[in-house]
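**Student:** The structure file structure-v8.txt (compact mmCIF, C-alpha atoms) is provided below.
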# COMPACT_ATOMS: atom_id res chain seq x y z
CA MET M 1 38.24 5.32 2.61
CA ASP M 2 36.28 3.86 -0.29
CA VAL M 3 32.62 4.67 -0.60
CA VAL M 4 30.35 1.68 -0.06
CA ARG M 5 27.28 1.65 -2.23
CA PRO M 6 24.12 -0.34 -1.48
CA SER M 7 23.40 -3.45 -3.47
CA GLY M 8 19.63 -2.93 -3.73
CA ARG M 9 18.98 -5.94 -1.50
CA PHE M 10 18.48 -6.20 2.21
CA PRO M 11 21.12 -4.53 4.40
CA ALA M 12 22.62 -6.07 7.49
CA SER M 13 21.45 -4.76 10.86
CA GLY M 14 23.35 -1.67 11.88
CA ARG M 15 25.24 -1.43 8.61
CA VAL M 16 26.33 2.08 7.66
CA PHE M 17 27.93 3.70 4.67
CA ARG M 18 31.24 5.38 5.35
CA GLY M 19 32.71 7.87 2.95
CA PRO M 20 33.35 11.52 2.25
CA PRO M 21 30.56 14.11 2.55
CA PRO M 22 28.25 14.36 -0.48
CA SER M 23 29.76 16.39 -3.29
CA ALA M 24 26.68 16.52 -5.52
CA THR M 25 23.81 18.95 -5.14
CA ALA M 26 21.19 18.23 -2.51
CA GLY M 27 18.57 15.78 -3.67
CA ALA M 28 20.84 14.19 -6.25
CA THR M 29 23.36 12.80 -3.77
CA LEU M 30 24.76 9.42 -4.73
CA ILE M 31 28.00 9.57 -2.73
CA ILE M 32 26.88 8.45 0.71
CA GLY M 33 27.93 10.63 3.63
CA GLY M 34 29.67 9.41 6.76
CA MET M 35 27.84 7.11 9.17
CA THR M 36 24.50 7.18 7.36
CA ALA M 37 22.19 4.34 8.39
CA VAL M 38 20.75 2.16 5.65
CA TYR M 39 17.02 1.90 4.95
CA PRO M 40 15.36 -0.50 5.48
CA ALA M 41 16.99 -1.80 8.64
CA GLU M 42 17.23 -5.54 9.13
CA LYS M 43 14.54 -7.03 11.35
CA ASP M 44 14.83 -9.74 13.99
CA HIS M 45 12.04 -11.65 12.24
CA PRO M 46 10.12 -11.08 8.98
CA ALA M 47 6.84 -10.87 10.91
CA VAL M 48 8.00 -7.75 12.78
CA PRO M 49 6.38 -4.64 11.26
CA MET M 50 8.82 -1.96 10.11
CA GLY M 51 6.77 0.51 12.14
CA GLU M 52 7.85 -1.30 15.28
CA VAL M 53 11.48 -1.09 14.16
CA TYR M 54 11.40 2.64 13.44
CA ALA M 55 9.03 3.81 16.19
CA GLY M 56 12.00 4.37 18.49
CA HIS M 57 14.08 6.27 15.94
CA PRO M 58 14.59 10.05 16.13
CA PRO M 59 11.78 12.15 14.64
CA VAL M 60 13.94 13.13 11.65
CA SER M 61 17.17 11.33 10.76
CA ARG M 62 19.52 10.95 7.81
CA ILE M 63 19.10 7.73 5.86
CA ALA M 64 20.54 5.99 2.78
CA PHE M 65 18.14 4.26 0.40
CA PRO M 66 18.72 1.08 -1.65
CA SER M 67 19.12 3.28 -4.74
CA GLY M 68 22.23 4.92 -3.25
CA HIS M 69 20.54 8.28 -2.67
CA GLU M 70 20.39 9.88 0.74
CA GLY M 71 17.41 11.55 2.35
CA TRP M 72 15.52 12.12 5.57
CA LEU M 73 13.46 9.52 7.44
CA VAL M 74 10.47 11.06 9.25
CA THR M 75 8.83 8.97 11.98
CA ARG M 76 6.49 11.14 14.08
CA TYR M 77 2.76 11.44 13.52
CA GLU M 78 2.48 15.22 13.09
CA ASP M 79 5.59 15.43 10.92
CA VAL M 80 4.35 12.63 8.65
CA ARG M 81 1.01 14.42 8.25
CA THR M 82 2.91 17.56 7.33
CA VAL M 83 4.95 15.77 4.67
CA PHE M 84 1.75 14.29 3.23
CA SER M 85 -0.25 17.53 3.17
CA ASP M 86 2.20 20.42 2.83
CA PRO M 87 2.57 21.54 -0.84
CA ARG M 88 6.25 22.21 -0.17
CA PHE M 89 6.77 18.44 -0.48
CA SER M 90 6.42 17.11 -4.02
CA ARG M 91 5.78 13.70 -5.57
CA ASN M 92 6.99 14.86 -8.98
CA LEU M 93 10.34 13.07 -9.29
CA LEU M 94 10.65 13.16 -13.08
CA TYR M 95 13.47 15.68 -13.35
CA PRO M 96 17.03 14.55 -14.16
CA GLY M 97 18.94 13.43 -11.08
CA ALA M 98 15.82 13.22 -8.92
CA PRO M 99 16.23 11.15 -5.74
CA CYS M 100 14.66 7.70 -5.70
CA LEU M 101 14.03 4.94 -3.21
CA ILE M 102 14.84 1.89 -5.33
CA GLU M 103 15.34 3.04 -8.92
CA PRO M 104 14.81 6.27 -10.89
CA GLY M 105 11.22 7.37 -10.65
CA ASP M 106 10.04 4.51 -8.42
CA PHE M 107 7.10 4.25 -10.80
CA SER M 108 4.84 1.47 -9.62
CA THR M 109 2.77 1.66 -12.80
CA GLY M 110 4.40 4.31 -14.95
CA GLU M 111 5.58 7.87 -15.01
CA HIS M 112 2.06 9.06 -15.83
CA SER M 113 0.64 7.55 -12.63
CA ILE M 114 -1.49 9.79 -10.43
CA LEU M 115 0.81 8.82 -7.57
CA ASN M 116 3.69 10.63 -9.27
CA MET M 117 1.88 13.93 -9.83
CA ASP M 118 1.37 17.23 -8.06
CA PRO M 119 -1.48 19.68 -8.72
CA PRO M 120 -2.85 20.68 -11.15
CA ASP M 121 -2.36 17.38 -13.03
CA HIS M 122 -3.00 15.38 -9.87
CA THR M 123 -6.19 17.36 -9.22
CA ARG M 124 -7.45 16.65 -12.75
CA LEU M 125 -6.87 12.89 -12.54
CA ARG M 126 -8.09 12.69 -8.96
CA ARG M 127 -11.38 14.30 -9.91
CA LEU M 128 -11.89 11.75 -12.69
CA SER M 129 -10.87 8.67 -10.71
CA ALA M 130 -12.89 9.68 -7.66
CA GLN M 131 -16.02 8.93 -9.69
CA ALA M 132 -15.34 5.21 -9.19
CA PHE M 133 -15.41 5.53 -5.41
CA THR M 134 -18.37 7.74 -4.61
CA VAL M 135 -20.26 7.02 -1.39
CA ARG M 136 -23.30 5.92 -3.40
CA ARG M 137 -21.33 3.58 -5.67
CA ILE M 138 -19.49 1.96 -2.76
CA ALA M 139 -22.68 1.56 -0.70
CA ALA M 140 -24.38 -0.06 -3.68
CA PHE M 141 -21.65 -2.70 -3.76
CA ARG M 142 -22.27 -3.89 -0.19
CA PRO M 143 -24.75 -6.68 -1.11
CA ARG M 144 -22.44 -7.94 -3.85
CA ILE M 145 -19.40 -7.94 -1.55
CA GLU M 146 -21.39 -9.84 1.07
CA GLN M 147 -22.49 -12.34 -1.58
CA ILE M 148 -18.92 -12.90 -2.77
CA ALA M 149 -17.65 -13.36 0.80
CA ASP M 150 -20.44 -15.85 1.53
CA GLU M 151 -19.76 -17.87 -1.64
CA LEU M 152 -16.02 -18.02 -1.00
CA LEU M 153 -16.48 -19.16 2.60
CA THR M 154 -19.10 -21.72 1.58
CA ALA M 155 -16.57 -23.29 -0.79
CA MET M 156 -13.81 -23.14 1.82
CA ILE M 157 -15.99 -24.73 4.50
CA ALA M 158 -17.10 -27.47 2.11
CA HIS M 159 -13.45 -28.38 1.52
CA GLY M 160 -12.80 -28.40 5.25
CA PRO M 161 -9.89 -27.22 7.38
CA PRO M 162 -7.08 -26.43 7.15
CA ALA M 163 -7.07 -23.87 4.36
CA ASP M 164 -4.92 -21.04 3.09
CA LEU M 165 -7.10 -18.04 3.83
CA ALA M 166 -4.97 -15.82 1.59
CA GLU M 167 -5.53 -18.00 -1.47
CA GLU M 168 -9.11 -19.10 -0.83
CA PHE M 169 -10.60 -15.87 0.52
CA ALA M 170 -8.38 -12.79 0.96
CA PHE M 171 -7.18 -12.67 -2.67
CA PRO M 172 -10.36 -13.48 -4.64
CA LEU M 173 -12.70 -11.26 -2.58
CA PRO M 174 -11.22 -7.78 -3.31
CA THR M 175 -9.94 -8.88 -6.71
CA LEU M 176 -13.41 -9.86 -7.90
CA VAL M 177 -14.92 -6.69 -6.43
CA MET M 178 -12.39 -4.44 -8.15
CA CYS M 179 -12.73 -6.32 -11.44
CA GLU M 180 -16.49 -5.81 -11.40
CA LEU M 181 -16.19 -2.16 -10.40
CA LEU M 182 -13.73 -1.33 -13.17
CA GLY M 183 -15.07 -3.75 -15.76
CA VAL M 184 -12.00 -5.99 -15.88
CA PRO M 185 -12.58 -9.68 -16.73
CA PHE M 186 -12.05 -11.82 -13.63
CA SER M 187 -11.17 -14.72 -15.93
CA GLY M 188 -7.78 -13.12 -16.57
CA ARG M 189 -6.93 -12.83 -12.89
CA GLU M 190 -4.00 -15.28 -12.93
CA ARG M 191 -2.08 -13.33 -15.58
CA PHE M 192 -3.00 -10.10 -13.81
CA ARG M 193 -1.88 -11.63 -10.51
CA ARG M 194 1.53 -12.53 -11.91
CA TRP M 195 2.50 -9.05 -13.00
CA SER M 196 0.80 -7.25 -10.12
CA ARG M 197 2.64 -9.38 -7.55
CA VAL M 198 6.00 -8.51 -9.12
CA ILE M 199 5.18 -4.79 -9.23
CA VAL M 200 4.29 -4.61 -5.52
CA THR M 201 7.30 -6.69 -4.38
CA PRO M 202 10.14 -5.08 -6.36
CA MET M 203 12.89 -6.08 -3.93
CA GLN M 204 12.14 -9.76 -4.54
CA HIS M 205 12.82 -9.51 -8.27
CA ALA M 206 15.49 -8.39 -10.70
CA PRO M 207 14.95 -4.86 -12.10
CA ALA M 208 14.45 -6.32 -15.58
CA ASP M 209 11.64 -8.54 -14.27
CA VAL M 210 9.94 -5.59 -12.57
CA GLU M 211 10.14 -3.58 -15.76
CA GLN M 212 8.71 -6.51 -17.74
CA ALA M 213 5.83 -6.79 -15.26
CA ARG M 214 5.07 -3.11 -15.78
CA ARG M 215 5.08 -3.61 -19.54
CA ASP M 216 2.78 -6.62 -19.17
CA GLY M 217 0.40 -4.58 -17.04
CA ALA M 218 0.37 -1.70 -19.52
CA GLU M 219 -0.17 -4.15 -22.40
CA ASP M 220 -3.10 -5.84 -20.65
CA MET M 221 -4.68 -2.50 -19.75
CA GLY M 222 -4.12 -1.17 -23.27
CA ALA M 223 -5.99 -4.18 -24.68
CA LEU M 224 -8.84 -3.63 -22.21
CA VAL M 225 -9.04 0.05 -23.12
CA ALA M 226 -9.31 -0.90 -26.80
CA GLU M 227 -12.09 -3.36 -25.97
CA LYS M 228 -14.03 -0.78 -23.92
CA ARG M 229 -13.61 1.70 -26.74
CA ALA M 230 -15.13 -0.78 -29.18
CA ARG M 231 -17.78 -2.15 -26.83
CA PRO M 232 -18.43 0.23 -23.91
CA ALA M 233 -20.27 -1.10 -20.87
CA ASP M 234 -21.70 0.22 -17.61
CA ASP M 235 -18.40 0.19 -15.72
CA PHE M 236 -15.77 2.67 -14.62
CA LEU M 237 -13.15 1.78 -17.22
CA SER M 238 -15.65 2.53 -19.98
CA ALA M 239 -16.35 5.87 -18.30
CA LEU M 240 -12.63 6.69 -18.26
CA VAL M 241 -12.32 5.80 -21.94
CA HIS M 242 -15.28 8.07 -22.66
CA ALA M 243 -13.63 10.91 -20.72
CA ARG M 244 -10.45 10.42 -22.73
CA ASP M 245 -12.18 10.29 -26.12
CA GLU M 246 -14.75 13.04 -25.57
CA ASP M 247 -12.26 15.53 -24.17
CA GLY M 248 -8.64 14.61 -24.81
CA ASP M 249 -7.42 17.49 -22.66
CA ARG M 250 -8.87 15.81 -19.61
CA LEU M 251 -7.06 12.49 -19.92
CA THR M 252 -4.22 11.44 -22.21
CA GLU M 253 -3.91 7.85 -23.43
CA PRO M 254 -0.85 7.08 -21.24
CA GLU M 255 -2.63 8.64 -18.24
CA LEU M 256 -5.70 6.52 -18.95
CA ILE M 257 -3.69 3.29 -19.02
CA ASP M 258 -1.63 4.18 -15.95
CA LEU M 259 -4.69 5.27 -13.98
CA ALA M 260 -6.63 2.08 -14.77
CA THR M 261 -3.61 -0.05 -13.85
CA GLN M 262 -3.06 1.84 -10.61
CA LEU M 263 -6.69 1.52 -9.55
CA LEU M 264 -6.69 -2.19 -10.25
CA LEU M 265 -3.42 -2.71 -8.38
CA ALA M 266 -4.18 -0.58 -5.35
CA GLY M 267 -7.78 -1.72 -5.25
CA HIS M 268 -6.95 -5.34 -4.55
CA GLU M 269 -3.35 -5.76 -3.31
CA THR M 270 -3.73 -3.63 -0.19
CA THR M 271 -7.08 -5.17 0.74
CA VAL M 272 -5.70 -8.69 0.30
CA SER M 273 -2.98 -7.76 2.80
CA LEU M 274 -5.42 -5.98 5.11
CA ILE M 275 -7.50 -9.15 5.47
CA GLY M 276 -4.42 -11.36 5.82
CA CYS M 277 -2.72 -9.12 8.38
CA GLY M 278 -5.99 -8.76 10.27
CA VAL M 279 -6.61 -12.47 10.62
CA VAL M 280 -3.04 -13.11 11.76
CA LEU M 281 -3.28 -10.30 14.34
CA LEU M 282 -6.65 -11.44 15.68
CA CYS M 283 -5.49 -15.05 15.95
CA ARG M 284 -2.36 -13.89 17.80
CA HIS M 285 -4.62 -11.91 20.17
CA PRO M 286 -7.45 -14.36 20.92
CA GLU M 287 -8.99 -12.05 23.52
CA GLN M 288 -9.48 -9.44 20.78
CA LEU M 289 -10.94 -12.06 18.45
CA ALA M 290 -13.34 -13.14 21.20
CA ALA M 291 -14.41 -9.53 21.76
CA LEU M 292 -15.06 -9.09 18.04
CA ARG M 293 -17.05 -12.32 17.95
CA ALA M 294 -19.17 -11.10 20.85
CA ASP M 295 -19.78 -7.58 19.57
CA ALA M 296 -20.13 -6.89 15.84
CA SER M 297 -20.08 -3.13 16.46
CA LEU M 298 -16.34 -3.41 17.13
CA THR M 299 -15.64 -4.38 13.51
CA PRO M 300 -15.03 -0.87 12.08
CA GLY M 301 -12.65 -0.12 14.95
CA ALA M 302 -10.88 -3.43 14.38
CA ILE M 303 -10.16 -2.45 10.76
CA GLU M 304 -8.70 0.89 11.88
CA GLU M 305 -6.53 -0.81 14.51
CA ILE M 306 -5.27 -3.40 12.03
CA MET M 307 -4.34 -0.57 9.66
CA ARG M 308 -2.57 1.24 12.49
CA PHE M 309 -0.78 -1.66 14.15
CA ASP M 310 0.30 -3.69 11.12
CA GLY M 311 -1.36 -2.54 7.91
CA PRO M 312 -0.46 -3.07 4.24
CA VAL M 313 1.46 0.21 3.96
CA ASP M 314 4.22 0.71 6.51
CA SER M 315 6.26 3.31 4.63
CA SER M 316 5.24 5.79 1.92
CA LEU M 317 6.23 7.09 -1.47
CA LEU M 318 9.34 9.25 -1.56
CA ARG M 319 8.93 13.02 -1.73
CA VAL M 320 11.28 15.91 -2.34
CA ALA M 321 11.27 19.31 -0.62
CA LEU M 322 10.49 22.21 -2.97
CA GLU M 323 11.91 24.69 -0.47
CA ASP M 324 13.55 24.65 2.96
CA VAL M 325 11.23 23.14 5.61
CA THR M 326 11.83 22.53 9.31
CA LEU M 327 10.48 19.28 10.82
CA SER M 328 10.93 18.68 14.57
CA GLY M 329 13.73 21.21 14.65
CA VAL M 330 15.61 19.65 11.70
CA LEU M 331 16.13 21.70 8.54
CA VAL M 332 15.21 19.83 5.38
CA ARG M 333 16.71 21.75 2.49
CA ARG M 334 15.21 22.37 -0.92
CA GLY M 335 15.81 19.37 -3.22
CA GLU M 336 16.35 16.84 -0.44
CA ALA M 337 14.42 13.57 -0.34
CA VAL M 338 12.01 12.76 2.49
CA LEU M 339 10.56 9.36 3.40
CA ALA M 340 7.59 9.64 5.75
CA HIS M 341 7.25 6.38 7.67
CA VAL M 342 3.57 5.54 8.17
CA GLY M 343 4.20 2.53 10.39
CA ALA M 344 6.36 4.49 12.80
CA ALA M 345 3.91 7.42 12.86
CA ASN M 346 1.10 4.99 13.70
CA ARG M 347 3.09 3.95 16.77
CA ASP M 348 3.80 7.47 17.99
CA GLU M 349 2.89 7.54 21.69
CA ASN M 350 1.92 11.21 21.44
CA ALA M 351 -0.85 10.26 19.02
CA PHE M 352 -1.59 6.72 20.20
CA PRO M 353 -1.06 6.10 23.94
CA SER M 354 0.09 2.52 24.61
CA ALA M 355 0.85 2.33 20.89
CA ALA M 356 2.63 -1.03 21.22
CA GLU M 357 -0.65 -2.68 22.26
CA PHE M 358 -3.12 -4.08 19.73
CA ASP M 359 -6.55 -2.87 20.87
CA ILE M 360 -9.61 -2.96 18.60
CA ARG M 361 -11.45 -0.66 21.04
CA ARG M 362 -8.90 2.14 20.52
CA LYS M 363 -10.35 5.65 20.18
CA ASP M 364 -7.19 7.65 19.48
CA ALA M 365 -6.03 9.74 16.52
CA GLN M 366 -6.78 8.84 12.91
CA GLN M 367 -4.37 6.17 11.68
CA LEU M 368 -2.35 7.06 8.59
CA GLY M 369 -2.43 3.73 6.79
CA PHE M 370 -4.56 5.21 4.00
CA GLY M 371 -2.35 8.27 3.75
CA TYR M 372 -3.29 11.89 4.32
CA GLY M 373 -3.69 15.02 2.23
CA ILE M 374 -4.10 15.07 -1.54
CA HIS M 375 -2.77 11.52 -2.00
CA PHE M 376 -5.17 10.01 0.54
CA CYS M 377 -6.19 6.58 -0.76
CA LEU M 378 -9.02 6.86 -3.26
CA GLY M 379 -10.30 3.41 -2.36
CA ALA M 380 -10.17 3.82 1.44
CA ALA M 381 -13.95 3.60 1.84
CA LEU M 382 -14.09 0.47 -0.33
CA ALA M 383 -11.17 -1.15 1.51
CA ARG M 384 -12.81 -0.43 4.86
CA LEU M 385 -16.12 -1.88 3.67
CA GLU M 386 -14.47 -5.01 2.25
CA GLY M 387 -12.43 -5.44 5.42
CA GLU M 388 -15.45 -5.12 7.67
CA ILE M 389 -17.53 -7.55 5.61
CA ALA M 390 -14.64 -10.02 5.45
CA LEU M 391 -14.01 -9.98 9.21
CA ARG M 392 -17.68 -10.33 10.09
CA ALA M 393 -18.12 -13.22 7.67
CA LEU M 394 -15.02 -15.01 9.00
CA VAL M 395 -16.03 -14.56 12.63
CA GLU M 396 -19.63 -15.62 12.07
CA ARG M 397 -19.01 -18.60 9.78
CA LEU M 398 -15.75 -20.03 11.12
CA PRO M 399 -16.17 -20.91 14.80
CA GLY M 400 -12.89 -21.60 16.53
CA LEU M 401 -10.93 -19.70 13.85
CA ALA M 402 -7.20 -20.08 14.55
CA LEU M 403 -3.87 -20.25 12.77
CA ALA M 404 -3.07 -23.77 11.54
CA VAL M 405 0.68 -23.22 12.07
CA PRO M 406 2.68 -21.33 14.71
CA ALA M 407 2.61 -17.61 13.94
CA GLU M 408 6.40 -17.50 13.61
CA GLU M 409 6.27 -19.96 10.70
CA ILE M 410 4.16 -17.67 8.49
CA ALA M 411 6.12 -16.20 5.56
CA TRP M 412 5.89 -12.44 5.06
CA ARG M 413 6.64 -10.19 2.13
CA PRO M 414 9.94 -8.32 2.47
CA PRO M 415 10.28 -4.61 3.26
CA LEU M 416 9.64 -2.12 0.43
CA SER M 417 6.67 -4.25 -0.65
CA VAL M 418 2.98 -4.10 0.14
CA ARG M 419 3.13 -5.50 3.68
CA GLY M 420 1.38 -8.81 4.29
CA PRO M 421 1.66 -12.57 4.81
CA GLU M 422 2.34 -14.75 1.77
CA GLU M 423 0.00 -17.43 3.13
CA VAL M 424 -2.43 -17.57 6.06
CA PRO M 425 -2.97 -21.24 7.02
CA VAL M 426 -6.06 -21.40 9.23
CA THR M 427 -8.26 -24.00 10.85
CA TRP M 428 -11.67 -23.87 12.50
CA SER M 429 -14.24 -26.08 14.17
CA ALA M 430 -15.73 -28.12 11.35
As structure tokens - that is how I would like this structure written.
**Tutor:**
Amino acid sequence: MDVVRPSGRFPASGRVFRGPPPSATAGATLIIGGMTAVYPAEKDHPAVPMGEVYAGHPPVSRIAFPSGHEGWLVTRYEDVRTVFSDPRFSRNLLYPGAPCLIEPGDFSTGEHSILNMDPPDHTRLRRLSAQAFTVRRIAAFRPRIEQIADELLTAMIAHGPPADLAEEFAFPLPTLVMCELLGVPFSGRERFRRWSRVIVTPMQHAPADVEQARRDGAEDMGALVAEKRARPADDFLSALVHARDEDGDRLTEPELIDLATQLLLAGHETTVSLIGCGVVLLCRHPEQLAALRADASLTPGAIEEIMRFDGPVDSSLLRVALEDVTLSGVLVRRGEAVLAHVGAANRDENAFPSAAEFDIRRKDAQQLGFGYGIHFCLGAALARLEGEIALRALVERLPGLALAVPAEEIAWRPPLSVRGPEEVPVTWSA
């Protein structure tokens, strides 16, 4: 029987690859084994989170990725935490024949990205980039974030309902905050938006377009680095340039550009989706929205529940086992690829009783939407703060907040992208 290879686009529900057992070495398998399910599975509706789809899957199962490689899909909370934190699982996929999810390397911003590193290089870059997200620096931004949220809503209210909350509020709020934090001109946001959107939705674009977007991002960041080098300012990008120039062993030029690009991307795209997903969820659960409106102290818990139930990150970056590891009784051999599914883990009944229910009062285990272990999201505290400020501002200033279209008509980004609605049409009591 001929081997069927994936096309790199969305598979049909239940489709499997049929063919002879893999003949290549583990981790570099391109010949798909018999009866291997395809990832990602087709959904009944684009609005359905992938976590809901995979919550009922076995804890560890064999899967075929769009790239043609095989690996293991991990869906349980404790196993996912192990994959994220155990040094036997590596993010360094630079070696020849390394497994990949979509294309070799799966480099969202470049092969020098902090996301593609293990210690000690990861530790070095993490220590430098963490300076942008200290508790003091984030706390100092609260008044400015509140001011931005207030100004955006004032303009939206003046225009009157309905409005696209994604365009008028969810996108400009975190984008402006991150631009100010890093020292990136907000005036160039439309060009930045074009290439960033392509990078975080690779399955919607041809590989050549994704690669061009990455080049555009690197070119823009390279120009900004040159400007900060010539005219340093009191911002984080200038501090990174200084670290690079004062001690070249600490930060190479490619690492500097990739790190700045990654921070800018991750610092706004996920928060845009967090706000969008949150508003859709709250409008679909009006009793939860009413509770939030009545009690502001529920806001931090609402952010955590949004991240758990339907957050921006439903999967994770691919990893490879550096040695044999057993997960839920299944042996993962050295060199094999592992995909830890955050969305499924966040719906594990052992960690989150009644996991299928959206409940902003939930007091269960820590959700994994920001990751875990050494790759835990650097900007988690900032994203939480922006999310809390955004929700409070929306609830307080938009009485009668509701979706302006039926929830099923909202367009969503496809799997293997940053999860979120493309638009969020809303209305309110004018």
**Student:** Please compute the CA of Leu176 in chain M-CA of His268 in chain M distance, one decimal, in Å.
**Tutor:**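 Calculated distance between CA of Leu176 in chain M and CA of His268 in chain M is 8.6 Å.
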**Student:** Identify which of the residues M:Ile63, M:Val405, M:Leu115, M:Ala356 lies closest to His375 in chain M, counting only C-alpha atoms when measuring atom-to-atom distances.
**Tutor:**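 Nearest to His375 in chain M: M:Leu115.
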**Student:** Neighbours of Thr427 in chain M within 10 Å (all atoms listed in the file; same-chain residues fewer than 3 positions away dropped), as an NGL selection string?
**Tutor:** :M and (160-165 or 398-405 or 424 or 430)
**Student:** Within 9 Å of range 303-307 of chain M, which residues of range 181-278 of chain M come that close, and what is the closest atom pair and distance in Å for each? Count only C-alpha atoms and give it as a Markdown table.
**Tutor:**
| residue | atom | partner | partner_atom | distance |
| --- | --- | --- | --- | --- |
| M:Leu274 | CA | M:Met307 | CA | 7.2 |
| M:Ile275 | CA | M:Ile303 | CA | 8.9 |
| M:Cys277 | CA | M:Ile306 | CA | 7.2 |
| M:Gly278 | CA | M:Ile306 | CA | 5.7 |
**Student:** Residues near Asp44 in chain M, anyone? I mean within 10 Å using only C-alpha atoms, not counting same-chain ones fewer than 3 positions away, as a PyMOL selection string.
**Tutor:** chain M and resi 13+41+47-48+53
**Student:** Considering all atoms listed in the file, state which residue in the set M:Arg361, M:Arg334, M:His57, M:His242 is at the smallest distance from Pro300 in chain M.
**Tutor:**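 Going through M:Arg361, M:Arg334, M:His57, M:His242 one by one, the smallest distance to Pro300 in chain M is for M:Arg361.
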**Student:** Looking at M:His341, M:Arg333, M:His122, M:Arg229, which one is nearest to Leu317 in chain M, with distances taken over only C-alpha atoms?
**Tutor:**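 The answer is M:His341, which sits nearest to Leu317 in chain M.
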**Student:** Of the candidates M:Val38, M:Leu265, M:Ala383, M:Leu327, which one gets nearest to Val74 in chain M if we count all atoms listed in the file?
**Tutor:**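 Smallest separation from Val74 in chain M among the options: M:Leu327.
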